[in-house]
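What follows is input.tsv (TSV, N, CA and C atoms).
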```tsv
chain	number	residue	atom	x	y	z
Y	10	MET	N	-215.63	-231.67	-26.72
Y	10	MET	CA	-216.03	-230.29	-26.63
Y	10	MET	C	-215.67	-229.77	-25.24
Y	11	THR	N	-215.05	-228.61	-25.20
Y	11	THR	CA	-214.69	-228.01	-23.91
Y	11	THR	C	-215.92	-227.37	-23.28
Y	12	ALA	N	-215.78	-226.93	-22.03
Y	12	ALA	CA	-216.89	-226.27	-21.34
Y	12	ALA	C	-217.34	-225.01	-22.08
Y	13	ALA	N	-216.41	-224.37	-22.80
Y	13	ALA	CA	-216.73	-223.16	-23.55
Y	13	ALA	C	-217.35	-223.48	-24.91
Y	14	GLY	N	-217.54	-224.76	-25.21
Y	14	GLY	CA	-218.13	-225.16	-26.47
Y	14	GLY	C	-217.16	-225.21	-27.64
Y	15	VAL	N	-215.87	-225.18	-27.35
Y	15	VAL	CA	-214.83	-225.22	-28.39
Y	15	VAL	C	-214.49	-226.69	-28.66
Y	16	PRO	N	-214.41	-227.08	-29.93
Y	16	PRO	CA	-214.02	-228.47	-30.22
Y	16	PRO	C	-212.64	-228.77	-29.64
Y	17	LEU	N	-212.51	-229.90	-28.99
Y	17	LEU	CA	-211.27	-230.28	-28.32
Y	17	LEU	C	-210.08	-230.31	-29.26
Y	18	GLU	N	-210.31	-230.75	-30.50
Y	18	GLU	CA	-209.21	-230.86	-31.46
Y	18	GLU	C	-208.60	-229.51	-31.80
Y	19	SER	N	-209.35	-228.43	-31.59
Y	19	SER	CA	-208.83	-227.10	-31.95
Y	19	SER	C	-208.09	-226.42	-30.80
Y	20	VAL	N	-208.12	-227.03	-29.62
Y	20	VAL	CA	-207.41	-226.48	-28.47
Y	20	VAL	C	-205.94	-226.88	-28.54
Y	21	ALA	N	-205.05	-225.89	-28.54
Y	21	ALA	CA	-203.61	-226.18	-28.59
Y	21	ALA	C	-203.08	-226.35	-27.17
Y	22	VAL	N	-202.31	-227.39	-26.96
Y	22	VAL	CA	-201.64	-227.63	-25.68
Y	22	VAL	C	-200.15	-227.69	-26.01
Y	23	ASP	N	-199.47	-226.56	-25.84
Y	23	ASP	CA	-198.08	-226.43	-26.27
Y	23	ASP	C	-197.17	-227.49	-25.68
Y	24	THR	N	-197.37	-227.82	-24.42
Y	24	THR	CA	-196.54	-228.84	-23.76
Y	24	THR	C	-196.62	-230.17	-24.51
Y	25	LEU	N	-197.82	-230.54	-24.94
Y	25	LEU	CA	-198.00	-231.80	-25.66
Y	25	LEU	C	-197.47	-231.70	-27.08
Y	26	GLU	N	-197.60	-230.54	-27.70
Y	26	GLU	CA	-197.05	-230.35	-29.04
Y	26	GLU	C	-195.54	-230.53	-29.04
Y	27	GLN	N	-194.88	-230.06	-27.99
Y	27	GLN	CA	-193.43	-230.23	-27.87
Y	27	GLN	C	-193.06	-231.71	-27.77
Y	28	ILE	N	-193.86	-232.46	-27.03
Y	28	ILE	CA	-193.62	-233.90	-26.89
Y	28	ILE	C	-193.72	-234.58	-28.25
Y	29	VAL	N	-194.73	-234.22	-29.01
Y	29	VAL	CA	-194.92	-234.81	-30.34
Y	29	VAL	C	-193.73	-234.50	-31.24
Y	30	ARG	N	-193.26	-233.26	-31.21
Y	30	ARG	CA	-192.13	-232.86	-32.07
Y	30	ARG	C	-190.84	-233.61	-31.73
Y	31	ARG	N	-190.66	-233.98	-30.46
Y	31	ARG	CA	-189.43	-234.70	-30.07
Y	31	ARG	C	-189.39	-236.12	-30.59
Y	32	ASN	N	-190.53	-236.69	-30.95
Y	32	ASN	CA	-190.60	-238.04	-31.50
Y	32	ASN	C	-189.94	-239.09	-30.62
Y	33	GLN	N	-190.13	-238.97	-29.34
Y	33	GLN	CA	-189.57	-239.96	-28.42
Y	33	GLN	C	-190.63	-241.02	-28.11
Y	34	THR	N	-191.04	-241.70	-29.16
Y	34	THR	CA	-192.06	-242.74	-29.01
Y	34	THR	C	-191.40	-244.03	-28.52
Y	35	TRP	N	-192.23	-244.94	-28.02
Y	35	TRP	CA	-191.69	-246.18	-27.49
Y	35	TRP	C	-190.92	-246.97	-28.54
Y	36	PRO	N	-191.42	-247.14	-29.76
Y	36	PRO	CA	-190.62	-247.90	-30.73
Y	36	PRO	C	-189.24	-247.28	-30.97
Y	37	VAL	N	-189.16	-245.97	-31.04
Y	37	VAL	CA	-187.88	-245.28	-31.26
Y	37	VAL	C	-186.97	-245.48	-30.06
Y	38	MET	N	-187.49	-245.23	-28.86
Y	38	MET	CA	-186.68	-245.32	-27.65
Y	38	MET	C	-186.29	-246.77	-27.34
Y	39	ALA	N	-187.20	-247.69	-27.55
Y	39	ALA	CA	-186.89	-249.10	-27.30
Y	39	ALA	C	-185.76	-249.56	-28.24
Y	40	GLY	N	-185.86	-249.16	-29.50
Y	40	GLY	CA	-184.80	-249.51	-30.45
Y	40	GLY	C	-183.47	-248.89	-30.07
Y	41	LYS	N	-183.51	-247.64	-29.62
Y	41	LYS	CA	-182.28	-246.94	-29.23
Y	41	LYS	C	-181.57	-247.64	-28.08
Y	42	TYR	N	-182.35	-248.15	-27.14
Y	42	TYR	CA	-181.76	-248.76	-25.95
Y	42	TYR	C	-181.79	-250.29	-25.97
Y	43	GLY	N	-182.16	-250.88	-27.10
Y	43	GLY	CA	-182.12	-252.34	-27.23
Y	43	GLY	C	-183.18	-253.07	-26.44
Y	44	VAL	N	-184.32	-252.48	-26.23
Y	44	VAL	CA	-185.42	-253.12	-25.49
Y	44	VAL	C	-186.30	-253.87	-26.48
Y	45	ASP	N	-186.58	-255.13	-26.18
Y	45	ASP	CA	-187.37	-255.96	-27.08
Y	45	ASP	C	-188.87	-255.93	-26.82
Y	46	ASN	N	-189.27	-255.54	-25.64
Y	46	ASN	CA	-190.68	-255.55	-25.28
Y	46	ASN	C	-191.44	-254.52	-26.12
Y	47	PRO	N	-192.46	-254.96	-26.88
Y	47	PRO	CA	-193.19	-254.02	-27.73
Y	47	PRO	C	-194.16	-253.11	-26.96
Y	48	VAL	N	-194.40	-253.43	-25.70
Y	48	VAL	CA	-195.34	-252.64	-24.89
Y	48	VAL	C	-194.55	-251.75	-23.94
Y	49	PRO	N	-194.82	-250.44	-23.96
Y	49	PRO	CA	-194.11	-249.54	-23.06
Y	49	PRO	C	-194.38	-249.89	-21.59
Y	50	PRO	N	-193.40	-249.69	-20.72
Y	50	PRO	CA	-193.58	-250.06	-19.31
Y	50	PRO	C	-194.65	-249.23	-18.61
Y	51	TRP	N	-195.00	-248.09	-19.15
Y	51	TRP	CA	-196.00	-247.23	-18.53
Y	51	TRP	C	-197.43	-247.53	-18.99
Y	52	LYS	N	-197.61	-248.48	-19.91
Y	52	LYS	CA	-198.94	-248.76	-20.47
Y	52	LYS	C	-199.92	-249.24	-19.40
Y	53	THR	N	-199.49	-250.09	-18.48
Y	53	THR	CA	-200.41	-250.57	-17.44
Y	53	THR	C	-200.84	-249.42	-16.52
Y	54	SER	N	-199.92	-248.48	-16.26
Y	54	SER	CA	-200.29	-247.31	-15.45
Y	54	SER	C	-201.32	-246.45	-16.18
Y	55	LEU	N	-201.15	-246.30	-17.49
Y	55	LEU	CA	-202.11	-245.54	-18.29
Y	55	LEU	C	-203.48	-246.21	-18.24
Y	56	ASP	N	-203.51	-247.52	-18.40
Y	56	ASP	CA	-204.78	-248.25	-18.35
Y	56	ASP	C	-205.46	-248.07	-16.99
Y	57	GLY	N	-204.67	-248.16	-15.93
Y	57	GLY	CA	-205.22	-247.99	-14.58
Y	57	GLY	C	-205.75	-246.58	-14.37
Y	58	MET	N	-205.03	-245.59	-14.90
Y	58	MET	CA	-205.48	-244.20	-14.75
Y	58	MET	C	-206.79	-243.99	-15.51
Y	59	CYS	N	-206.88	-244.53	-16.71
Y	59	CYS	CA	-208.12	-244.41	-17.48
Y	59	CYS	C	-209.29	-245.07	-16.75
Y	60	ASP	N	-209.05	-246.25	-16.19
Y	60	ASP	CA	-210.10	-246.94	-15.42
Y	60	ASP	C	-210.53	-246.11	-14.22
Y	61	ALA	N	-209.56	-245.54	-13.51
Y	61	ALA	CA	-209.89	-244.72	-12.33
Y	61	ALA	C	-210.68	-243.47	-12.73
Y	62	ILE	N	-210.28	-242.83	-13.81
Y	62	ILE	CA	-211.02	-241.65	-14.29
Y	62	ILE	C	-212.43	-242.04	-14.69
Y	63	ASP	N	-212.56	-243.14	-15.41
Y	63	ASP	CA	-213.89	-243.58	-15.84
Y	63	ASP	C	-214.81	-243.84	-14.65
Y	64	ARG	N	-214.28	-244.47	-13.63
Y	64	ARG	CA	-215.10	-244.78	-12.45
Y	64	ARG	C	-215.40	-243.55	-11.60
Y	65	SER	N	-214.40	-242.68	-11.42
Y	65	SER	CA	-214.59	-241.54	-10.52
Y	65	SER	C	-215.43	-240.44	-11.15
Y	66	CYS	N	-215.44	-240.35	-12.47
Y	66	CYS	CA	-216.18	-239.28	-13.14
Y	66	CYS	C	-217.57	-239.72	-13.59
Y	67	ALA	N	-217.89	-240.98	-13.40
Y	67	ALA	CA	-219.15	-241.51	-13.94
Y	67	ALA	C	-220.38	-240.79	-13.42
Y	68	GLY	N	-220.39	-240.40	-12.15
Y	68	GLY	CA	-221.60	-239.81	-11.61
Y	68	GLY	C	-221.45	-238.38	-11.14
Y	69	ASP	N	-220.37	-237.73	-11.49
Y	69	ASP	CA	-220.17	-236.37	-10.97
Y	69	ASP	C	-220.60	-235.31	-11.98
Y	70	ASP	N	-220.36	-234.08	-11.65
Y	70	ASP	CA	-220.79	-232.96	-12.48
Y	70	ASP	C	-219.74	-232.51	-13.49
Y	71	LEU	N	-218.64	-233.25	-13.62
Y	71	LEU	CA	-217.58	-232.84	-14.54
Y	71	LEU	C	-217.97	-233.06	-16.00
Y	72	GLY	N	-218.94	-233.93	-16.23
Y	72	GLY	CA	-219.34	-234.20	-17.60
Y	72	GLY	C	-218.25	-234.91	-18.39
Y	73	PHE	N	-217.51	-235.76	-17.73
Y	73	PHE	CA	-216.40	-236.47	-18.37
Y	73	PHE	C	-216.60	-237.95	-18.15
Y	74	THR	N	-217.51	-238.53	-18.90
Y	74	THR	CA	-217.85	-239.93	-18.75
Y	74	THR	C	-216.89	-240.82	-19.54
Y	75	PHE	N	-217.04	-242.12	-19.36
Y	75	PHE	CA	-216.25	-243.08	-20.13
Y	75	PHE	C	-216.41	-242.81	-21.63
Y	76	LYS	N	-217.65	-242.62	-22.06
Y	76	LYS	CA	-217.93	-242.37	-23.48
Y	76	LYS	C	-217.25	-241.07	-23.94
Y	77	ASP	N	-217.34	-240.02	-23.13
Y	77	ASP	CA	-216.69	-238.76	-23.48
Y	77	ASP	C	-215.19	-238.95	-23.64
Y	78	ARG	N	-214.58	-239.63	-22.67
Y	78	ARG	CA	-213.12	-239.83	-22.71
Y	78	ARG	C	-212.72	-240.62	-23.95
Y	79	ARG	N	-213.45	-241.69	-24.23
Y	79	ARG	CA	-213.11	-242.52	-25.40
Y	79	ARG	C	-213.37	-241.79	-26.71
Y	80	ASP	N	-214.48	-241.04	-26.78
Y	80	ASP	CA	-214.77	-240.28	-28.00
Y	80	ASP	C	-213.68	-239.23	-28.25
Y	81	GLU	N	-213.26	-238.56	-27.17
Y	81	GLU	CA	-212.20	-237.56	-27.29
Y	81	GLU	C	-210.89	-238.21	-27.68
Y	82	GLU	N	-210.59	-239.35	-27.07
Y	82	GLU	CA	-209.36	-240.08	-27.41
Y	82	GLU	C	-209.37	-240.46	-28.89
Y	83	ASP	N	-210.48	-240.98	-29.37
Y	83	ASP	CA	-210.58	-241.37	-30.79
Y	83	ASP	C	-210.41	-240.16	-31.70
Y	84	ALA	N	-211.09	-239.06	-31.37
Y	84	ALA	CA	-211.03	-237.86	-32.22
Y	84	ALA	C	-209.63	-237.27	-32.24
Y	85	LEU	N	-209.02	-237.14	-31.08
Y	85	LEU	CA	-207.67	-236.56	-31.00
Y	85	LEU	C	-206.62	-237.48	-31.64
Y	86	SER	N	-206.78	-238.78	-31.46
Y	86	SER	CA	-205.83	-239.73	-32.05
Y	86	SER	C	-205.92	-239.75	-33.57
Y	87	ALA	N	-207.10	-239.43	-34.10
Y	87	ALA	CA	-207.28	-239.44	-35.55
Y	87	ALA	C	-206.93	-238.09	-36.19
Y	88	THR	N	-206.80	-237.06	-35.38
Y	88	THR	CA	-206.54	-235.73	-35.93
Y	88	THR	C	-205.22	-235.18	-35.41
Y	89	ARG	N	-205.27	-234.55	-34.29
Y	89	ARG	CA	-204.13	-233.82	-33.74
Y	89	ARG	C	-202.92	-234.72	-33.47
Y	90	TYR	N	-203.15	-235.96	-33.05
Y	90	TYR	CA	-202.04	-236.87	-32.69
Y	90	TYR	C	-201.98	-238.09	-33.60
Y	91	ALA	N	-202.42	-237.92	-34.84
Y	91	ALA	CA	-202.44	-239.03	-35.79
Y	91	ALA	C	-201.04	-239.56	-36.10
Y	92	GLY	N	-200.03	-238.73	-35.94
Y	92	GLY	CA	-198.66	-239.15	-36.23
Y	92	GLY	C	-198.01	-239.98	-35.15
Y	93	LEU	N	-198.66	-240.09	-34.00
Y	93	LEU	CA	-198.10	-240.89	-32.91
Y	93	LEU	C	-198.62	-242.32	-32.98
Y	94	PRO	N	-197.78	-243.28	-32.62
Y	94	PRO	CA	-198.26	-244.66	-32.56
Y	94	PRO	C	-199.10	-244.88	-31.29
Y	95	TYR	N	-199.85	-245.97	-31.30
Y	95	TYR	CA	-200.56	-246.40	-30.09
Y	95	TYR	C	-199.53	-247.07	-29.19
Y	96	PRO	N	-199.51	-246.86	-27.93
Y	96	PRO	CA	-200.42	-246.15	-27.05
Y	96	PRO	C	-200.02	-244.70	-26.75
Y	97	GLU	N	-198.97	-244.19	-27.40
Y	97	GLU	CA	-198.59	-242.80	-27.15
Y	97	GLU	C	-199.73	-241.85	-27.48
Y	98	ASN	N	-200.45	-242.13	-28.58
Y	98	ASN	CA	-201.56	-241.25	-28.93
Y	98	ASN	C	-202.66	-241.29	-27.87
Y	99	GLN	N	-202.86	-242.43	-27.24
Y	99	GLN	CA	-203.84	-242.55	-26.17
Y	99	GLN	C	-203.41	-241.71	-24.96
Y	100	LEU	N	-202.16	-241.80	-24.60
Y	100	LEU	CA	-201.63	-241.05	-23.46
Y	100	LEU	C	-201.71	-239.54	-23.69
Y	101	VAL	N	-201.27	-239.09	-24.85
Y	101	VAL	CA	-201.26	-237.67	-25.15
Y	101	VAL	C	-202.70	-237.15	-25.32
Y	102	ALA	N	-203.58	-237.95	-25.90
Y	102	ALA	CA	-204.98	-237.54	-26.03
Y	102	ALA	C	-205.64	-237.38	-24.66
Y	103	LEU	N	-205.33	-238.28	-23.73
Y	103	LEU	CA	-205.89	-238.15	-22.39
Y	103	LEU	C	-205.39	-236.87	-21.72
Y	104	ALA	N	-204.10	-236.62	-21.79
Y	104	ALA	CA	-203.55	-235.39	-21.21
Y	104	ALA	C	-204.18	-234.16	-21.85
Y	105	HIS	N	-204.34	-234.20	-23.17
Y	105	HIS	CA	-204.96	-233.09	-23.90
Y	105	HIS	C	-206.39	-232.84	-23.39
Y	106	SER	N	-207.17	-233.90	-23.25
Y	106	SER	CA	-208.55	-233.77	-22.76
Y	106	SER	C	-208.59	-233.16	-21.37
Y	107	LEU	N	-207.71	-233.63	-20.49
Y	107	LEU	CA	-207.69	-233.12	-19.12
Y	107	LEU	C	-207.31	-231.65	-19.06
Y	108	VAL	N	-206.34	-231.23	-19.89
Y	108	VAL	CA	-205.93	-229.83	-19.92
Y	108	VAL	C	-207.03	-228.98	-20.55
Y	109	ALA	N	-207.55	-229.42	-21.70
Y	109	ALA	CA	-208.57	-228.64	-22.40
Y	109	ALA	C	-209.84	-228.46	-21.58
Y	110	ARG	N	-210.16	-229.44	-20.75
Y	110	ARG	CA	-211.34	-229.35	-19.88
Y	110	ARG	C	-211.05	-228.58	-18.59
Y	111	GLY	N	-209.80	-228.21	-18.38
Y	111	GLY	CA	-209.44	-227.47	-17.17
Y	111	GLY	C	-209.33	-228.34	-15.94
Y	112	LEU	N	-209.23	-229.66	-16.13
Y	112	LEU	CA	-209.11	-230.57	-14.99
Y	112	LEU	C	-207.68	-230.62	-14.46
Y	113	ILE	N	-206.72	-230.34	-15.34
Y	113	ILE	CA	-205.34	-230.13	-14.91
Y	113	ILE	C	-204.82	-228.89	-15.63
Y	114	ASP	N	-203.88	-228.24	-15.02
Y	114	ASP	CA	-203.32	-227.01	-15.54
Y	114	ASP	C	-202.09	-227.33	-16.40
Y	115	GLU	N	-201.96	-226.67	-17.54
Y	115	GLU	CA	-200.83	-226.96	-18.42
Y	115	GLU	C	-199.49	-226.65	-17.76
Y	116	ASP	N	-199.43	-225.58	-16.95
Y	116	ASP	CA	-198.18	-225.27	-16.25
Y	116	ASP	C	-197.80	-226.37	-15.28
Y	117	GLU	N	-198.78	-226.90	-14.57
Y	117	GLU	CA	-198.51	-228.00	-13.64
Y	117	GLU	C	-198.08	-229.25	-14.40
Y	118	LEU	N	-198.71	-229.51	-15.53
Y	118	LEU	CA	-198.31	-230.65	-16.37
Y	118	LEU	C	-196.86	-230.50	-16.79
Y	119	GLN	N	-196.48	-229.30	-17.22
Y	119	GLN	CA	-195.10	-229.05	-17.65
Y	119	GLN	C	-194.12	-229.26	-16.50
Y	120	LYS	N	-194.47	-228.78	-15.31
Y	120	LYS	CA	-193.59	-228.95	-14.14
Y	120	LYS	C	-193.39	-230.43	-13.83
Y	121	ARG	N	-194.47	-231.19	-13.87
Y	121	ARG	CA	-194.36	-232.62	-13.56
Y	121	ARG	C	-193.53	-233.35	-14.62
Y	122	LEU	N	-193.72	-232.99	-15.87
Y	122	LEU	CA	-192.93	-233.61	-16.93
Y	122	LEU	C	-191.46	-233.27	-16.79
Y	123	THR	N	-191.16	-232.06	-16.38
Y	123	THR	CA	-189.77	-231.65	-16.16
Y	123	THR	C	-189.14	-232.47	-15.04
Y	124	LYS	N	-189.88	-232.69	-13.97
Y	124	LYS	CA	-189.38	-233.51	-12.86
Y	124	LYS	C	-189.13	-234.95	-13.31
Y	125	ILE	N	-190.05	-235.49	-14.08
Y	125	ILE	CA	-189.90	-236.86	-14.57
Y	125	ILE	C	-188.67	-236.97	-15.47
Y	126	ARG	N	-188.52	-236.01	-16.38
Y	126	ARG	CA	-187.36	-236.03	-17.28
Y	126	ARG	C	-186.06	-235.98	-16.48
Y	127	ALA	N	-186.00	-235.10	-15.46
Y	127	ALA	CA	-184.80	-234.97	-14.64
Y	127	ALA	C	-184.50	-236.29	-13.93
Y	128	ARG	N	-185.53	-236.95	-13.44
Y	128	ARG	CA	-185.34	-238.22	-12.75
Y	128	ARG	C	-184.84	-239.28	-13.71
Y	129	LEU	N	-185.37	-239.32	-14.92
Y	129	LEU	CA	-184.95	-240.32	-15.90
Y	129	LEU	C	-183.53	-240.07	-16.42
Y	130	GLU	N	-183.14	-238.83	-16.45
Y	130	GLU	CA	-181.81	-238.49	-16.98
Y	130	GLU	C	-180.72	-238.47	-15.91
Y	131	SER	N	-181.09	-238.72	-14.66
Y	131	SER	CA	-180.07	-238.70	-13.61
Y	131	SER	C	-179.34	-240.02	-13.48
```

Kindly return the structure encoded in the file as structure tokens.
Amino acid sequence: MTAAGVPLESVAVDTLEQIVRRNQTWPVMAGKYGVDNPVPPWKTSLDGMCDAIDRSCAGDDLGFTFKDRRDEEDALSATRYAGLPYPENQLVALAHSLVARGLIDEDELQKRLTKIRARLES
């Protein structure tokens, strides 16, 4: 639930919807480039980020506890991002929660993703 009382699943995050439509999931990309590792290289970074968020938000006024993050991840992964495999659905659900709660700005998210894409394609 957002601060405005809107269910998180009903909040549209266009930047993330575009990612879902591109279908650039790890199984697809790994197969395309002949990578055998079933775990995406960014999974450990995602786990570390989730741990850091859980610890840093535990006692603050943001109202974003470990339970909140996991409940939102489960709800978004089962609804809005049900078509994505794990751990992509976990990553996109986390980004969705952060944007919907106003903890990160969607425009800033888009700018950072554009920089990352440019770096990967260079």

- Record the distance separating atom CA of Cys59 of chain Y and atom CA of Glu115 of chain Y, expressed in Å with one decimal.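 Here the two named atoms are 18.9 Å from each other.
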
- What is the distance between atom CA of Arg31 of chain Y and atom CA of Glu130 of chain Y, in Å to one decimal?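 Between atom CA of Arg31 of chain Y and atom CA of Glu130 of chain Y the gap is 15.6 Å.
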
- Task: Mind listing the alpha helix (DSSP H) residues of chain Y, per DSSP on the backbone, as a ChimeraX atom specification?
- Result: /Y:23-31,35-42,52-66,75-87,97-109,115-130

For segment 57-103 of chain Y versus segment 16-23 of chain Y, which residues have an atom no more than 9 Å away, and what is each residue's nearest atom pair and distance in Å rounded to one decimal, using only C-alpha atoms, chain-then-number order, as a Markdown table?
```
| residue | atom | partner | partner_atom | distance |
| --- | --- | --- | --- | --- |
| Y:Glu81 | CA | Y:Leu17 | CA | 7.4 |
| Y:Ala84 | CA | Y:Glu18 | CA | 7.3 |
| Y:Leu85 | CA | Y:Glu18 | CA | 5.9 |
| Y:Thr88 | CA | Y:Glu18 | CA | 7.1 |
| Y:Arg89 | CA | Y:Glu18 | CA | 6.3 |
```

- Which residue, Y:Ala104, Y:Cys66, Y:Ala61, Y:Val37, has the smallest gap to Glu82 of chain Y when you use only C-alpha atoms?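 Smallest distance to Glu82 of chain Y is found for Y:Ala104.
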
- Query: Could you state the separation of atom N of Leu103 of chain Y and atom CA of Arg78 of chain Y in Å, given to one decimal place?
  - Reply: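 We find that atom N of Leu103 of chain Y and atom CA of Arg78 of chain Y lie 8.0 Å from each other.
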
- Check the smallest atom-to-atom distance from each of Y:Thr123, Y:Thr74, Y:Asn32, Y:Ser54 to Leu100 of chain Y using only C-alpha atoms, then report the winner.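 Smallest distance to Leu100 of chain Y is found for Y:Ser54.
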
- Task: Compare Y:Lys52, Y:Asp60, Y:Ala39, Y:Phe73 by their minimum atom-to-atom distance to Ala109 of chain Y, counting only C-alpha atoms, and give me the closest one.
- Result: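 Closest residue, counting only C-alpha atoms: Y:Phe73.
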
- Query: With only N, CA and C atoms as the basis for distance, which of Y:Val29, Y:Pro96, Y:Lys76, Y:Glu117 is at the shortest distance from Val48 of chain Y?
  - Reply: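 Comparing Y:Val29, Y:Pro96, Y:Lys76, Y:Glu117 against Val48 of chain Y, the winner is Y:Pro96.
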